[in-house]
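Here is query-v1.cif, consisting of mmCIF, C-alpha atoms:
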data_run
#
loop_
_atom_site.label_atom_id
_atom_site.label_comp_id
_atom_site.auth_asym_id
_atom_site.auth_seq_id
_atom_site.Cartn_x
_atom_site.Cartn_y
_atom_site.Cartn_z
CA MET A 1 -20.49 121.35 0.78
CA ASN A 2 -23.66 119.27 0.62
CA ALA A 3 -24.14 116.40 -1.84
CA VAL A 4 -26.54 118.23 -4.17
CA THR A 5 -24.15 121.13 -4.60
CA ALA A 6 -21.22 118.76 -5.22
CA SER A 7 -23.24 116.96 -7.85
CA ASP A 8 -24.06 120.23 -9.55
CA GLN A 9 -20.37 121.07 -9.74
CA LEU A 10 -19.17 117.75 -11.17
CA PRO A 11 -19.37 118.98 -14.79
CA SER A 12 -17.05 121.86 -13.91
CA ALA A 13 -14.75 119.33 -12.23
CA GLU A 14 -14.60 117.41 -15.50
CA ALA A 15 -13.75 120.62 -17.31
CA LEU A 16 -10.94 121.31 -14.84
CA LEU A 17 -9.57 117.79 -15.36
CA ARG A 18 -9.56 118.42 -19.11
CA ALA A 19 -7.69 121.70 -18.58
CA ALA A 20 -5.04 120.15 -16.30
CA PRO A 21 -1.55 119.43 -17.70
CA PRO A 22 -1.25 115.73 -18.66
CA HIS A 23 1.19 114.95 -15.84
CA ALA A 24 -0.90 116.77 -13.21
CA LEU A 25 -4.17 114.83 -13.37
CA VAL A 26 -3.69 113.11 -10.00
CA ALA A 27 -2.77 116.37 -8.25
CA THR A 28 -5.79 118.06 -9.84
CA ALA A 29 -8.06 115.20 -8.77
CA ARG A 30 -6.80 115.49 -5.19
CA ARG A 31 -7.47 119.20 -5.10
CA LEU A 32 -10.94 118.95 -6.64
CA LEU A 33 -12.10 116.10 -4.40
CA ALA A 34 -10.72 117.83 -1.30
CA GLU A 35 -12.71 120.93 -2.18
CA ARG A 36 -15.95 119.24 -3.19
CA VAL A 37 -16.34 116.16 -0.95
CA GLY A 38 -13.73 116.75 1.75
CA ALA A 39 -11.37 114.03 0.53
CA GLN A 40 -8.39 113.57 2.84
CA GLU A 41 -6.39 111.35 0.51
CA VAL A 42 -6.75 110.40 -3.18
CA THR A 43 -4.78 107.59 -4.85
CA LEU A 44 -4.87 106.54 -8.48
CA LEU A 45 -3.96 102.85 -8.94
CA LEU A 46 -3.34 101.48 -12.44
CA ALA A 47 -3.33 97.79 -13.35
CA ASP A 48 0.08 96.52 -14.39
CA TYR A 49 0.61 94.79 -17.74
CA GLY A 50 0.34 91.35 -16.20
CA LEU A 51 -2.89 92.23 -14.32
CA THR A 52 -1.34 90.97 -11.09
CA VAL A 53 -1.09 94.22 -9.10
CA LEU A 54 -2.47 97.74 -8.97
CA GLN A 55 0.32 100.32 -9.09
CA PRO A 56 -0.05 103.71 -7.33
CA VAL A 57 0.70 106.69 -9.58
CA THR A 58 3.19 108.81 -7.60
CA HIS A 59 6.49 110.53 -8.32
CA LEU A 60 8.27 108.22 -10.73
CA PRO A 61 10.56 106.36 -10.91
CA HIS A 62 9.67 105.83 -7.24
CA THR A 63 6.20 104.63 -6.36
CA ASP A 64 4.30 103.42 -3.33
CA ALA A 65 3.88 99.70 -2.71
CA PRO A 66 1.49 98.01 -5.16
CA VAL A 67 -1.62 96.17 -3.99
CA PRO A 68 -2.93 92.84 -5.37
CA ALA A 69 -5.24 93.22 -8.36
CA ASP A 70 -7.59 90.48 -7.14
CA GLU A 71 -7.47 90.77 -3.35
CA GLY A 72 -8.40 93.33 -0.72
CA PRO A 73 -10.84 96.24 -1.09
CA ALA A 74 -9.11 97.81 -4.12
CA GLY A 75 -8.70 94.44 -5.85
CA SER A 76 -12.36 93.63 -5.21
CA ALA A 77 -13.43 96.91 -6.81
CA PHE A 78 -11.23 96.15 -9.83
CA VAL A 79 -12.35 92.54 -10.33
CA ASN A 80 -16.06 93.03 -9.63
CA GLN A 81 -16.27 96.49 -11.21
CA LYS A 82 -18.27 97.84 -8.28
CA PRO A 83 -17.43 100.48 -5.65
CA VAL A 84 -16.15 99.12 -2.35
CA VAL A 85 -16.38 101.13 0.87
CA GLU A 86 -13.63 100.25 3.34
CA VAL A 87 -14.29 101.28 6.95
CA LEU A 88 -11.12 102.28 8.81
CA ASP A 89 -10.53 102.54 12.52
CA GLU A 90 -11.62 105.84 14.08
CA PRO A 91 -10.72 108.57 13.40
CA SER A 92 -9.25 107.51 10.06
CA GLY A 93 -12.60 107.55 8.28
CA GLN A 94 -13.57 105.50 5.24
CA VAL A 95 -11.98 104.75 1.89
CA VAL A 96 -14.11 104.44 -1.23
CA HIS A 97 -12.47 102.30 -3.92
CA LEU A 98 -13.92 103.01 -7.38
CA PRO A 99 -13.21 101.02 -10.56
CA ILE A 100 -11.88 103.06 -13.47
CA THR A 101 -13.09 101.69 -16.79
CA VAL A 102 -13.15 103.46 -20.15
CA ARG A 103 -15.52 101.98 -22.75
CA GLY A 104 -15.02 98.51 -21.31
CA ASP A 105 -11.23 98.76 -20.90
CA ARG A 106 -10.43 98.21 -17.21
CA MET A 107 -7.66 100.60 -16.21
CA GLY A 108 -7.49 100.52 -12.43
CA VAL A 109 -9.00 101.96 -9.27
CA LEU A 110 -9.43 105.40 -7.69
CA SER A 111 -9.22 105.25 -3.88
CA VAL A 112 -10.64 108.22 -1.96
CA ARG A 113 -10.36 108.54 1.83
CA LEU A 114 -13.20 110.54 3.42
CA PRO A 115 -13.96 111.60 6.99
CA ALA A 116 -15.84 109.09 9.13
CA ARG A 117 -19.60 108.83 8.61
CA THR A 118 -19.63 111.06 5.51
CA VAL A 119 -20.01 108.41 2.81
CA ALA A 120 -23.59 108.54 1.55
CA PRO A 121 -24.87 106.58 -1.48
CA GLU A 122 -25.09 109.77 -3.55
CA THR A 123 -21.46 110.54 -2.69
CA VAL A 124 -20.38 107.15 -4.01
CA LEU A 125 -22.31 107.78 -7.24
CA GLN A 126 -20.65 111.18 -7.65
CA LEU A 127 -17.23 109.69 -7.05
CA GLY A 128 -17.97 106.96 -9.59
CA ASP A 129 -18.72 109.57 -12.24
CA PHE A 130 -15.56 111.44 -11.29
CA ALA A 131 -13.47 108.24 -11.58
CA THR A 132 -14.84 107.61 -15.08
CA ALA A 133 -14.03 111.18 -16.12
CA LEU A 134 -10.51 110.80 -14.71
CA GLY A 135 -10.07 107.54 -16.64
CA HIS A 136 -10.95 109.25 -19.92
CA GLU A 137 -8.45 111.99 -19.21
CA VAL A 138 -5.71 109.52 -18.30
CA THR A 139 -6.32 107.75 -21.61
CA THR A 140 -6.07 111.01 -23.53
CA ALA A 141 -3.05 112.20 -21.54
CA GLY A 142 -1.18 109.05 -22.56
CA ARG A 143 -0.60 110.67 -25.94
CA ASP A 144 1.44 113.44 -24.34
CA THR A 145 3.15 111.93 -21.29
CA ASP A 146 4.79 108.61 -20.37
CA LEU A 147 3.79 108.97 -16.72
CA TYR A 148 0.81 106.61 -16.73
CA LEU A 149 2.45 104.00 -18.95
CA GLN A 150 5.50 104.00 -16.68
CA ALA A 151 3.33 103.69 -13.59
CA ARG A 152 1.83 100.45 -14.91
CA ARG A 153 5.20 98.66 -14.98
CA THR A 154 6.53 96.42 -12.27
CA ARG A 155 9.67 95.99 -14.35
CA ARG A 156 11.05 97.03 -17.70
CA LEU A 157 9.32 95.87 -20.88
CA THR A 158 11.35 94.31 -23.64
CA LEU A 159 11.48 96.38 -26.82
CA ALA A 160 9.28 93.81 -28.57
CA ALA A 161 6.69 94.05 -25.79
CA GLU A 162 6.80 97.85 -25.91
CA MET A 163 5.90 97.70 -29.60
CA GLN A 164 3.12 95.18 -29.07
CA TRP A 165 1.39 97.01 -26.23
CA GLN A 166 1.44 100.24 -28.23
CA LEU A 167 -0.19 98.38 -31.13
CA LEU A 168 -3.12 97.07 -29.07
CA PRO A 169 -6.49 98.90 -28.97
CA GLY A 170 -6.82 98.13 -25.24
CA ARG A 171 -7.64 95.08 -23.14
CA GLY A 172 -11.38 95.37 -23.33
CA CYS A 173 -14.31 96.95 -25.12
CA SER A 174 -18.02 96.98 -24.37
CA ARG A 175 -21.28 97.98 -25.99
CA PRO A 176 -24.85 96.86 -25.30
CA GLU A 177 -24.43 94.18 -27.99
CA TYR A 178 -21.19 92.63 -26.66
CA VAL A 179 -18.43 92.71 -24.05
CA ILE A 180 -14.80 91.89 -24.89
CA GLY A 181 -12.00 91.03 -22.45
CA ALA A 182 -8.51 90.03 -23.56
CA HIS A 183 -5.11 89.18 -22.12
CA LEU A 184 -1.52 88.57 -23.26
CA GLU A 185 1.40 86.73 -21.66
CA PRO A 186 4.30 86.94 -21.06
CA ALA A 187 3.12 90.50 -20.50
CA TYR A 188 6.58 92.05 -20.16
CA ALA A 189 8.20 90.09 -22.98
CA ILE A 190 5.38 89.50 -25.50
CA GLY A 191 6.57 89.34 -29.11
CA GLY A 192 4.26 88.11 -31.86
CA ASP A 193 0.73 87.73 -30.46
CA ASN A 194 -1.83 90.51 -30.92
CA PHE A 195 -5.55 91.20 -30.91
CA ASP A 196 -7.37 94.08 -32.55
CA TRP A 197 -10.94 95.29 -32.99
CA SER A 198 -12.97 98.06 -34.53
CA THR A 199 -16.63 98.85 -34.05
CA SER A 200 -19.11 100.84 -36.12
CA ALA A 201 -22.83 101.52 -35.89
CA ASP A 202 -23.80 98.05 -37.07
CA HIS A 203 -20.64 95.92 -37.16
CA LEU A 204 -17.68 94.69 -35.14
CA THR A 205 -14.43 93.45 -36.67
CA LEU A 206 -12.16 91.37 -34.43
CA THR A 207 -8.79 89.83 -35.29
CA VAL A 208 -6.31 87.64 -33.40
CA THR A 209 -2.80 87.47 -34.89
CA ASP A 210 0.12 85.18 -34.08
CA GLY A 211 3.33 86.28 -35.81
CA MET A 212 5.91 83.50 -36.11
CA GLY A 213 9.19 83.72 -34.24
CA GLN A 214 10.08 85.47 -31.02
CA GLY A 215 11.23 88.83 -29.76
CA ILE A 216 11.72 91.82 -32.01
CA ASP A 217 11.45 89.77 -35.23
CA ALA A 218 8.00 88.53 -34.25
CA SER A 219 6.93 92.00 -33.13
CA LEU A 220 7.99 93.61 -36.44
CA LEU A 221 6.14 90.92 -38.39
CA THR A 222 2.97 91.34 -36.34
CA SER A 223 3.14 95.14 -36.55
CA LEU A 224 3.26 94.93 -40.34
CA THR A 225 0.40 92.41 -40.43
CA VAL A 226 -1.90 94.36 -38.12
CA SER A 227 -1.16 97.65 -39.88
CA ALA A 228 -1.91 96.06 -43.26
CA LEU A 229 -5.20 94.63 -41.96
CA ARG A 230 -6.17 98.01 -40.52
CA ASN A 231 -5.27 99.78 -43.76
CA ALA A 232 -7.47 97.42 -45.76
CA ARG A 233 -10.31 97.57 -43.23
CA ARG A 234 -10.29 101.38 -43.19
CA ALA A 235 -10.50 101.39 -46.97
CA GLY A 236 -13.88 99.67 -46.64
CA ILE A 237 -12.71 96.37 -48.13
CA GLY A 238 -14.41 93.06 -47.33
CA LEU A 239 -12.97 90.55 -44.86
CA ALA A 240 -11.51 88.10 -47.39
CA ASP A 241 -9.85 90.92 -49.31
CA GLN A 242 -8.47 92.35 -46.08
CA ALA A 243 -6.71 89.04 -45.56
CA ALA A 244 -5.51 88.95 -49.19
CA LEU A 245 -4.03 92.45 -49.06
CA ALA A 246 -2.31 91.80 -45.74
CA ASP A 247 -1.00 88.54 -47.19
CA GLN A 248 0.52 90.45 -50.10
CA ALA A 249 2.11 93.04 -47.80
CA VAL A 250 3.74 90.39 -45.61
CA PHE A 251 4.94 88.33 -48.56
CA ALA A 252 6.37 91.42 -50.25
CA GLN A 253 8.45 92.11 -47.13
CA TYR A 254 9.51 88.58 -46.17
CA GLY A 255 9.18 86.54 -49.35
CA GLY A 256 7.49 83.64 -47.56
CA LYS A 257 10.27 83.23 -44.98
CA ALA A 258 8.02 84.63 -42.24
CA TYR A 259 4.26 84.65 -41.93
CA ALA A 260 1.48 85.51 -39.51
CA SER A 261 -1.40 83.24 -38.51
CA THR A 262 -4.58 85.30 -38.18
CA LEU A 263 -8.22 84.76 -37.32
CA LEU A 264 -10.53 87.44 -38.77
CA LEU A 265 -14.14 87.84 -37.57
CA HIS A 266 -16.76 90.35 -38.73
CA PHE A 267 -20.01 90.55 -36.70
CA ASP A 268 -23.34 91.92 -37.88
CA LEU A 269 -24.78 93.49 -34.73
CA ASP A 270 -28.39 93.24 -35.99
CA THR A 271 -28.46 89.57 -36.96
CA GLY A 272 -25.55 87.91 -35.11
CA THR A 273 -24.15 86.66 -38.42
CA VAL A 274 -20.36 86.27 -38.23
CA HIS A 275 -18.15 86.26 -41.33
CA ALA A 276 -14.86 84.51 -40.65
CA VAL A 277 -11.50 83.87 -42.30
CA ASP A 278 -9.25 81.32 -40.59
CA ALA A 279 -5.76 82.09 -41.86
CA GLY A 280 -3.61 79.99 -39.57
CA SER A 281 -3.41 78.69 -36.04
CA PRO A 282 -5.66 80.73 -33.66
CA GLN A 283 -8.54 78.54 -32.50
CA LEU A 284 -12.11 79.61 -31.76
CA PHE A 285 -14.49 78.09 -29.18
CA ARG A 286 -18.15 78.81 -28.47
CA GLN A 287 -20.00 78.28 -25.20
CA ARG A 288 -23.75 77.94 -25.44
CA GLY A 289 -26.20 76.49 -22.96
CA GLY A 290 -23.55 74.90 -20.75
CA HIS A 291 -21.81 73.26 -23.71
CA THR A 292 -18.37 74.18 -25.05
CA GLU A 293 -17.62 73.43 -28.70
CA ARG A 294 -14.88 74.20 -31.16
CA VAL A 295 -16.04 76.42 -34.02
CA GLU A 296 -14.79 74.46 -36.99
CA LEU A 297 -13.53 76.73 -39.75
CA ASP A 298 -11.78 75.87 -43.01
CA ALA A 299 -8.06 76.20 -42.31
CA GLN A 300 -6.50 78.50 -44.89
CA LEU A 301 -2.88 79.58 -45.35
CA PRO A 302 -1.27 82.03 -42.90
CA LEU A 303 -0.76 85.57 -44.16
CA GLY A 304 2.46 85.97 -46.13
CA MET A 305 3.27 82.28 -46.64
CA PHE A 306 2.75 82.39 -50.43
CA GLU A 307 2.29 85.12 -52.99
CA GLU A 308 -1.25 86.30 -53.84
CA THR A 309 -3.17 83.74 -51.79
CA LEU A 310 -6.93 83.91 -52.25
CA TYR A 311 -9.07 83.71 -49.10
CA GLU A 312 -12.70 82.73 -48.68
CA GLU A 313 -15.16 83.78 -46.02
CA GLN A 314 -17.33 81.44 -43.99
CA THR A 315 -20.32 82.34 -41.87
CA PHE A 316 -21.76 81.15 -38.58
CA HIS A 317 -24.18 82.67 -36.09
CA VAL A 318 -24.04 83.76 -32.50
CA GLU A 319 -27.06 83.99 -30.25
CA PRO A 320 -27.68 86.14 -27.16
CA GLY A 321 -25.92 84.46 -24.24
CA ASP A 322 -23.17 82.94 -26.38
CA ARG A 323 -19.52 83.31 -25.40
CA LEU A 324 -16.72 83.13 -27.97
CA ILE A 325 -13.11 82.48 -26.93
CA ALA A 326 -10.22 82.84 -29.36
CA VAL A 327 -6.80 81.52 -28.34
CA SER A 328 -3.44 81.67 -30.07
CA SER A 329 -1.16 78.67 -30.61
CA GLY A 330 0.79 79.70 -27.51
CA VAL A 331 -2.26 78.58 -25.51
CA HIS A 332 -3.40 75.35 -27.15
CA ASP A 333 0.10 74.11 -28.10
CA THR A 334 1.96 74.81 -24.85
CA ARG A 335 3.52 71.83 -23.05
CA SER A 336 4.41 71.43 -19.39
CA ALA A 337 7.89 70.60 -18.14
CA ALA A 338 6.85 66.94 -18.29
CA GLY A 339 5.86 67.31 -21.94
CA ASP A 340 2.09 67.27 -21.39
CA LEU A 341 0.16 69.34 -23.92
CA PHE A 342 -2.19 72.01 -22.52
CA GLY A 343 -4.46 71.05 -25.37
CA GLU A 344 -8.16 71.27 -26.01
CA ARG A 345 -9.25 69.03 -23.12
CA VAL A 346 -7.60 71.15 -20.44
CA LEU A 347 -8.69 74.34 -22.19
CA ARG A 348 -12.30 73.16 -22.17
CA GLN A 349 -12.07 72.47 -18.44
CA VAL A 350 -10.79 75.99 -17.75
CA LEU A 351 -13.43 77.53 -20.00
CA GLY A 352 -16.17 75.56 -18.24
CA ALA A 353 -14.95 76.63 -14.80
CA THR A 354 -14.94 80.31 -15.83
CA ARG A 355 -18.27 80.41 -17.65
CA SER A 356 -19.92 82.60 -15.02
CA ALA A 357 -17.00 85.04 -14.83
CA GLU A 358 -16.89 88.29 -16.78
CA PRO A 359 -14.92 88.15 -20.08
CA HIS A 360 -11.96 90.04 -18.57
CA GLU A 361 -11.66 87.58 -15.70
CA ALA A 362 -12.29 84.57 -17.95
CA SER A 363 -9.45 85.52 -20.31
CA ARG A 364 -7.16 86.13 -17.36
CA ALA A 365 -8.14 82.77 -15.83
CA VAL A 366 -7.28 80.91 -19.05
CA VAL A 367 -3.81 82.46 -19.03
CA ALA A 368 -3.45 81.70 -15.31
CA GLY A 369 -4.34 78.05 -16.01
CA LEU A 370 -1.81 77.98 -18.81
CA ILE A 371 0.91 79.40 -16.56
CA GLU A 372 0.09 76.83 -13.87
CA HIS A 373 0.27 74.04 -16.46
CA TYR A 374 3.58 75.32 -17.84
CA GLY A 375 5.05 75.84 -14.38
CA SER A 376 6.42 79.34 -14.90
CA ARG A 377 5.07 82.80 -15.58
CA GLU A 378 7.72 83.28 -18.27
CA LEU A 379 6.07 81.25 -21.01
CA LEU A 380 8.23 79.93 -23.83
CA SER A 381 5.66 81.03 -26.43
CA ASP A 382 3.40 84.06 -26.55
CA ALA A 383 -0.19 83.46 -25.48
CA ALA A 384 -3.24 85.54 -26.42
CA VAL A 385 -6.80 85.00 -25.20
CA VAL A 386 -9.82 87.02 -26.35
CA CYS A 387 -13.21 86.41 -24.73
CA LEU A 388 -16.42 87.91 -26.18
CA ASP A 389 -19.86 87.73 -24.59
CA TRP A 390 -22.60 88.25 -27.15
CA ASN A 391 -25.79 90.00 -25.99
CA GLY A 392 -27.17 90.84 -29.40
CA ARG A 393 -29.32 93.78 -30.34
CA ARG A 394 -32.64 93.81 -28.53
#
Go ahead and express the file in the form of structure tokens.
Amino acid sequence: MNAVTASDQLPSAEALLRAAPPHALVATARRLLAERVGAQEVTLLLADYGLTVLQPVTHLPHTDAPVPADEGPAGSAFVNQKPVVEVLDEPSGQVVHLPITVRGDRMGVLSVRLPARTVAPETVLQLGDFATALGHEVTTAGRDTDLYLQARRTRRLTLAAEMQWQLLPGRGCSRPEYVIGAHLEPAYAIGGDNFDWSTSADHLTLTVTDGMGQGIDASLLTSLTVSALRNARRAGIGLADQAALADQAVFAQYGGKAYASTLLLHFDLDTGTVHAVDAGSPQLFRQRGGHTERVELDAQLPLGMFEETLYEEQTFHVEPGDRLIAVSSGVHDTRSAAGDLFGERVLRQVLGATRSAEPHEASRAVVAGLIEHYGSRELLSDAAVVCLDWNGRR
């Protein structure tokens, strides 16, 4: 089938993906691509929770060998978010590796092996559209099957981590006005750290929460805090009152014995004005014109520490080209085995070295630097990093 005809049939391919049973998306994709572009092999690879490998989706609990998430053709497609054409020895053909990203959330890679000398530019474009459609269906199917969540795991999650990952909106979000990339560690044992966001026509609300404690206790505390913030936000309440209502909910449950440090940010997409409430320990940095600076906010009480705390909003501005980085206390307060604090100086060095990287890679690089400083991937404290590139509204 020639390229024009295949392109004409892509909408019907999307409809067939939507009609496929949730567990059968990969099998359906193989059949459709075999029929329409002569695909000889189709593999869906999903990024694991730690963003270290890409896991093939096969017959669980068994799976094919994972591939590195930042090396090789598939890793290059994932990191750079561009198709990569791998030329195999004759007569094996070529493999097109296509990034799968849904509204800025990087999910993995679709690898399609085609006969030799059949990969034209228009074919790559068609396959890119197909990969995006498949990503949307995988996201939707996650409501009805555990298959794709299981496929992401290199090992079992702790119960606390299971709760936290289900609470997250994703690991990235993008619009013309901004791009967000975020990361958590220890990915398979995270307890109290969380990030959340919500976007509307003219605004973006972003929060970073650090629930005290570890394990299931920290996860329960953070779940209550994030749910209370969402409940207040969805009621159309202002930022300071969102913090106050969440503070009341946490105090009512724990009586001041447990609390959650939270940074709340509300962006006006037209003007770049940011309303902020600093309720605890997450720190905020801004990179502008080659300079990295701490955004100094008035430190207010963590949510739930005392009854009926009143919170006040502050404002600052972001300009096109600015980068904001929010980090939890598990980043800036972590010490090495020798007792050296990761601290602001080292954090600034990492942020400076990653300024040209995309937000997803920058947030991952900060966590990688933290792990190197600590000396083990199993961090003692949870660490959350959220990186936002501000483009503004043209």
Which is closer to Thr292 (chain A) than all the others in A:Leu351, A:Ile216, A:Ala116, A:Ile180, using only C-alpha atoms?
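Nearest to Thr292 (chain A): A:Leu351.
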Residues proximal to (-21.6, 92.6, -36.0) were defined as those with any atom within 7 Å of that point in the file's coordinates, counting all atoms listed in the file. Which are they, as a VMD selection string?
chain A and resid 202 to 204 266 to 270 272 to 274
In Å, with one decimal, what is the gap from CA of Arg345 (chain A) to CA of Pro320 (chain A)?
25.5 Å
Let me know the residues the PyMOL selection byres ((chain A and resi 39) around 8) catches in the file above, as number ranges by chain.
A: 30, 33-38, 40-42, 112-115
With distances taken over all atoms listed in the file, which residue among A:Asp146, A:Gln314, A:Ala69, A:Val124 lies nearest Gln94 (chain A)?
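Closest to Gln94 (chain A), using all atoms listed in the file: A:Val124.
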With only C-alpha atoms as the atoms that count, which of A:Ser198, A:Ser174, A:Ser92, A:Thr222 lies nearest to Asn391 (chain A)?
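That would be A:Ser174, the residue with the smallest distance to Asn391 (chain A).
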Pick from A:Arg106, A:Val327, A:Ala141, A:His291, whichever lies nearest to Val79 (chain A) using all atoms listed in the file
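Ranked by minimum distance to Val79 (chain A), first place goes to A:Arg106.
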Selection near Leu110 (chain A), 6 Å with only C-alpha atoms, sequence-local residues under 2 positions removed, as a list in words
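These residues fall inside the cut-off: Thr43, Leu44, His97 and Leu98 of chain A.
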Selected by the PyMOL selection byres ((chain A and resi 305) around 9) in the shown coordinates: which residues, as a ChimeraX atom specification?
/A:247,250-251,254-260,301-304,306-307,309
Rounded to one decimal place, report the CA of Glu313 (chain A)-CA of Ser381 (chain A) distance in Å.
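Distance reported for this atom pair: 28.7 Å.
Atom to atom, CA of Ala47 (chain A) and CA of Leu147 (chain A) stand 13.7 Å apart.
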Convert the output of the PyMOL selection byres ((chain A and resi 149) around 10) on the shown file into explicit residues, formatted as a list in words.
Leu46, Asp48, Tyr49, Val57, Val138, Thr139, Gly142, Thr145, Asp146, Leu147, Tyr148, Gln150, Ala151, Arg152 and Arg153 of chain A
Measuring atom to atom with all atoms listed in the file, identify which of A:Thr52, A:Ala276, A:Arg143, A:Ser76 is nearest to His317 (chain A).
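So, comparing all the options, the nearest one is A:Ala276.
Proximity ranking of A:Glu122, A:Glu293, A:Glu177, A:Asp241 relative to Tyr311 (chain A) places A:Asp241 first, based on all atoms listed in the file.
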Quick one: residues within 9 Å of (-0.4, 91.1, -33.3) (file frame), counting all atoms listed in the file, please, as a PDB file with C-alpha atoms, in the coordinates of the input.
ATOM      1  CA  GLN A 164       3.120  95.180 -29.070  1.00  0.00           C
ATOM      2  CA  LEU A 167      -0.190  98.380 -31.130  1.00  0.00           C
ATOM      3  CA  LEU A 168      -3.120  97.070 -29.070  1.00  0.00           C
ATOM      4  CA  GLY A 191       6.570  89.340 -29.110  1.00  0.00           C
ATOM      5  CA  GLY A 192       4.260  88.110 -31.860  1.00  0.00           C
ATOM      6  CA  ASP A 193       0.730  87.730 -30.460  1.00  0.00           C
ATOM      7  CA  ASN A 194      -1.830  90.510 -30.920  1.00  0.00           C
ATOM      8  CA  PHE A 195      -5.550  91.200 -30.910  1.00  0.00           C
ATOM      9  CA  ASP A 196      -7.370  94.080 -32.550  1.00  0.00           C
ATOM     10  CA  THR A 207      -8.790  89.830 -35.290  1.00  0.00           C
ATOM     11  CA  VAL A 208      -6.310  87.640 -33.400  1.00  0.00           C
ATOM     12  CA  THR A 209      -2.800  87.470 -34.890  1.00  0.00           C
ATOM     13  CA  ASP A 210       0.120  85.180 -34.080  1.00  0.00           C
ATOM     14  CA  GLY A 211       3.330  86.280 -35.810  1.00  0.00           C
ATOM     15  CA  ALA A 218       8.000  88.530 -34.250  1.00  0.00           C
ATOM     16  CA  SER A 219       6.930  92.000 -33.130  1.00  0.00           C
ATOM     17  CA  LEU A 221       6.140  90.920 -38.390  1.00  0.00           C
ATOM     18  CA  THR A 222       2.970  91.340 -36.340  1.00  0.00           C
ATOM     19  CA  SER A 223       3.140  95.140 -36.550  1.00  0.00           C
ATOM     20  CA  LEU A 224       3.260  94.930 -40.340  1.00  0.00           C
ATOM     21  CA  THR A 225       0.400  92.410 -40.430  1.00  0.00           C
ATOM     22  CA  VAL A 226      -1.900  94.360 -38.120  1.00  0.00           C
ATOM     23  CA  ALA A 260       1.480  85.510 -39.510  1.00  0.00           C
ATOM     24  CA  THR A 262      -4.580  85.300 -38.180  1.00  0.00           C
TER      25      THR A 262
END
Report as a VMD selection string all protein, DNA and RNA residues lying within 12 Å of Arg364 (chain A), evaluated on only C-alpha atoms, omitting residues in the same chain fewer than 5 positions from it.
chain A and resid 49 to 52 69 to 70 79 171 to 172 181 to 185 187 325 327 350 to 351 354 357 to 359 369 to 371 383 to 387
